[in-house]
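**Q** My structure is stored as data_0.txt, with compact mmCIF, C-alpha atoms.
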# COMPACT_ATOMS: atom_id res chain seq x y z
CA MET W 326 -14.37 5.91 -4.56
CA LYS W 327 -13.43 2.96 -6.73
CA ARG W 328 -15.15 -0.27 -5.65
CA LYS W 329 -14.01 -3.76 -6.58
CA SER W 330 -15.62 -7.20 -6.77
CA ALA W 331 -13.97 -10.11 -4.98
CA ALA W 332 -12.45 -13.03 -6.84
CA ALA W 333 -13.70 -16.44 -5.71
CA GLY W 334 -11.88 -17.47 -2.54
CA GLU W 335 -10.28 -14.06 -2.00
CA LYS W 336 -10.13 -13.04 1.64
CA ILE W 337 -12.37 -10.28 2.90
CA PHE W 338 -11.06 -8.36 5.90
CA VAL W 339 -13.67 -7.00 8.30
CA PHE W 340 -12.56 -4.05 10.42
CA LYS W 341 -13.99 -2.26 13.40
CA VAL W 342 -13.00 1.41 13.33
CA SER W 343 -13.67 3.47 16.43
CA LEU W 344 -12.91 7.01 17.47
CA PHE W 345 -9.86 7.11 19.73
CA GLY W 346 -11.15 7.58 23.28
CA ASP W 347 -14.82 6.90 22.36
CA SER W 348 -15.47 3.26 21.48
CA SER W 349 -19.25 3.92 21.40
CA VAL W 350 -18.83 5.57 17.97
CA PHE W 351 -17.63 3.02 15.43
CA ARG W 352 -17.98 1.66 11.93
CA GLU W 353 -17.57 -1.84 10.54
CA LEU W 354 -16.04 -1.96 7.10
CA ALA W 355 -15.27 -4.87 4.77
CA LEU W 356 -12.44 -4.69 2.26
CA LEU W 357 -10.57 -7.14 0.10
CA GLU W 358 -7.17 -8.28 1.33
CA THR W 359 -5.65 -6.96 -1.91
CA GLN W 360 -7.01 -3.44 -1.54
CA THR W 361 -4.57 -0.80 -0.35
CA LEU W 362 -4.29 1.23 2.81
CA TYR W 363 -5.20 4.22 0.64
CA ASN W 364 -8.49 2.50 -0.36
CA PHE W 365 -9.11 1.74 3.30
CA ALA W 366 -8.43 5.32 4.40
CA GLU W 367 -10.80 6.68 1.77
CA ALA W 368 -13.62 4.31 2.85
CA LEU W 369 -12.98 4.97 6.55
CA ILE W 370 -13.10 8.75 6.13
CA GLU W 371 -16.26 8.51 4.02
CA SER W 372 -17.92 6.31 6.66
CA PHE W 373 -17.43 9.09 9.23
CA ASP W 374 -18.81 11.72 6.81
CA PHE W 375 -15.48 13.58 6.64
CA ASP W 376 -13.91 15.21 3.60
CA PHE W 377 -10.94 13.23 2.30
CA ASP W 378 -8.73 16.32 2.18
CA HIS W 379 -5.68 15.72 4.41
CA CYS W 380 -2.64 13.49 4.69
CA PHE W 381 -2.84 10.47 6.95
CA GLY W 382 -0.99 7.49 8.30
CA PHE W 383 -1.38 4.08 9.92
CA PHE W 384 0.81 3.23 12.93
CA ASN W 385 1.29 0.04 14.95
CA ASN W 386 1.77 1.94 18.22
CA VAL W 387 -1.81 2.99 19.03
CA SER W 388 -0.90 5.03 22.10
CA ASN W 389 2.12 6.90 20.72
CA TRP W 390 2.35 7.09 16.94
CA TYR W 391 5.71 8.91 17.10
CA HIS W 392 7.30 5.68 18.34
CA ALA W 393 5.64 3.22 15.97
CA GLU W 394 7.86 0.44 14.62
CA ARG W 395 5.68 0.05 11.53
CA GLN W 396 4.22 3.10 9.88
CA TYR W 397 2.52 3.74 6.57
CA GLU W 398 2.03 7.33 5.47
CA LEU W 399 0.68 9.23 2.47
CA PHE W 400 3.63 11.60 2.93
CA LYS W 401 5.91 8.80 1.67
CA ASP W 402 3.88 8.50 -1.55
CA VAL W 403 3.96 12.23 -2.26
CA GLY W 404 7.73 12.49 -1.80
CA GLU W 405 7.91 14.17 1.61
CA LYS W 406 10.82 13.43 3.93
CA CYS W 407 9.87 10.54 6.24
CA ASN W 408 11.46 8.07 8.57
CA PRO W 409 13.43 5.68 6.29
CA ALA W 410 11.38 2.73 7.62
CA THR W 411 8.06 4.37 6.67
CA LYS W 412 6.14 2.74 3.82
CA GLY W 413 3.60 4.37 1.55
CA VAL W 414 -0.15 3.74 1.57
CA LYS W 415 -0.91 3.72 -2.16
CA LYS W 416 0.77 0.38 -2.88
CA THR W 417 0.69 -1.32 0.53
CA LYS W 418 -2.04 -3.94 0.51
CA LEU W 419 -4.12 -4.71 3.59
CA GLN W 420 -2.74 -8.25 3.73
CA GLU W 421 0.78 -6.77 4.13
CA ALA W 422 -0.10 -4.19 6.78
CA PHE W 423 -2.26 -6.51 8.88
CA PHE W 424 0.01 -9.54 8.61
CA GLU W 425 1.68 -8.92 11.98
CA ASP W 426 -0.56 -6.30 13.54
CA LYS W 427 -4.31 -6.76 13.96
CA LYS W 428 -4.78 -3.28 15.42
CA LEU W 429 -3.41 0.01 14.12
CA LEU W 430 -3.86 3.68 14.85
CA PHE W 431 -5.19 5.66 11.90
CA LEU W 432 -4.21 9.32 12.11
CA PHE W 433 -6.01 11.71 9.76
CA ASP W 434 -5.11 15.38 9.42
CA TYR W 435 -1.83 15.92 11.25
CA GLY W 436 -3.01 19.41 12.31
CA ASP W 437 -6.30 18.44 13.98
CA GLU W 438 -5.07 14.89 14.73
CA TRP W 439 -8.22 12.86 14.20
CA LYS W 440 -7.36 9.45 15.65
CA PHE W 441 -9.14 6.18 15.03
CA ILE W 442 -8.45 2.66 16.29
CA VAL W 443 -8.55 0.24 13.38
CA GLU W 444 -8.94 -3.41 14.34
CA LEU W 445 -9.08 -6.43 12.04
CA ILE W 446 -11.90 -8.40 13.71
CA ARG W 447 -12.32 -11.25 11.24
CA GLU W 448 -11.40 -12.69 7.87
CA GLU W 449 -13.91 -14.31 5.52
CA LYS W 450 -13.62 -16.08 2.18
CA SER W 451 -15.53 -14.55 -0.68
CA SER W 452 -17.96 -16.68 -2.63
CA ALA W 453 -18.23 -16.88 -6.40
CA ALA W 454 -21.94 -16.05 -6.20
CA SER W 455 -21.43 -12.77 -4.37
CA ASN W 456 -21.96 -9.60 -6.36
CA LYS W 457 -20.82 -7.27 -3.57
CA LYS W 458 -18.38 -4.46 -4.27
CA TYR W 459 -15.70 -3.50 -1.78
CA PRO W 460 -15.05 -1.43 0.30
CA LEU W 461 -18.40 -2.01 1.94
CA LEU W 462 -19.83 -0.27 5.00
CA LEU W 463 -21.41 -3.02 7.13
CA GLN W 464 -22.40 -1.10 10.24
CA LYS W 465 -22.53 2.51 11.41
CA ILE W 466 -22.95 3.03 15.17
CA GLY W 467 -23.07 6.51 16.69
CA SER W 468 -23.16 9.94 15.11
CA SER W 469 -20.17 11.17 13.17
CA PRO W 470 -18.30 13.99 14.88
CA GLU W 471 -18.13 17.31 13.10
CA GLN W 472 -14.87 17.42 11.15
CA TYR W 473 -14.59 21.20 11.33
CA PRO W 474 -16.47 22.40 14.42
CA ASP W 475 -17.67 26.00 14.19
CA GLU W 476 -14.84 28.05 15.70
CA GLU W 477 -17.05 31.11 16.23
CA GLU W 478 -19.35 29.04 18.45
CA ASP W 479 -16.34 28.01 20.57
CA GLU W 480 -15.13 31.61 20.84
CA GLY W 481 -18.60 32.81 21.90
CA ASN W 482 -18.62 30.39 24.82
CA SER W 483 -15.31 31.54 26.29
CA ILE W 484 -15.18 33.47 29.55
CA VAL W 485 -13.34 36.77 29.46
CA ASN W 486 -11.88 38.19 32.68
Produce structure tokens that represent the structure in this file.

**A**
Amino acid sequence: MKRKSAAAGEKIFVFKVSLFGDSSVFRELALLETQTLYNFAEALIESFDFDFDHCFGFFNNVSNWYHAERQYELFKDVGEKCNPATKGVKKTKLQEAFFEDKKLLFLFDYGDEWKFIVELIREEKSSAASNKKYPLLLQKIGSSPEQYPDEEEDEGNSIVN
């Protein structure tokens, strides 16, 4: 993952990212306002110890992503057919996506539908003396779920009539 130093006075966005339906498992991440949603997705997935191997999207309707007014998807960047209002993630900067919305749904892997609530919890100004590189994992609370649970284990626990 490519990390970037902040310019003096550049805003740093601090996000809380929690598993949908389990707010006890979360990460706090700091990124520069000029970094992209793609950079954010890569850092988010890494913070949960997942492989960055599926398409994803950010949606402003956290309870029903199908009906989101604002949506940003990797599909748009790779030339797939999308809703005409959908924007891509590779060029959309955080400051653009979080201008109106402070909370978005992050959907990773449209097959397994891993859902995360992404909330902008604060903005900070960078200092000229800082030598930090962003994205930066600030806090990791709770164990990461298994991205690909063992299917054989699940099958062995089923009851057959």

**Q** For Gly346 in chain W, which residue among W:Val387, W:Gln360, W:Ala366, W:Gly334 is the nearest when counting only C-alpha atoms?

**A**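 The answer is W:Val387, which sits nearest to Gly346 in chain W.
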
**Q** Pick out the closest residue to Phe423 in chain W from this set: W:Leu369, W:Leu354, W:Leu344, W:Leu362. Count all atoms listed in the file.

**A**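 Using all atoms listed in the file, Phe423 in chain W sits closest to W:Leu362.
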
**Q** Determine, counting all atoms listed in the file, every residue of protein, DNA or RNA that lies within 7 Å of (2.6, 9.1, 5.7) in the file coordinates, then give the result as a PyMOL selection string.

**A** chain W and resi 380-382+397-401+413

**Q** In terms of the shortest atom-to-atom distance over all atoms listed in the file, which of W:Ile442, W:Leu462, W:Ala410, W:Ala422 is closest to Ala355 in chain W?

**A**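 The answer is W:Leu462, which sits nearest to Ala355 in chain W.
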
**Q** Could you tell me which of W:Glu353, W:Glu444, W:Asp475, W:Glu335 comes closest to Asn385 in chain W if we count all atoms listed in the file?

**A** W:Glu444

**Q** Quick one: distance from CA of Pro460 in chain W to CA of Lys329 in chain W in Å, one decimal?

**A**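 Between these atoms lies a distance of 7.3 Å.
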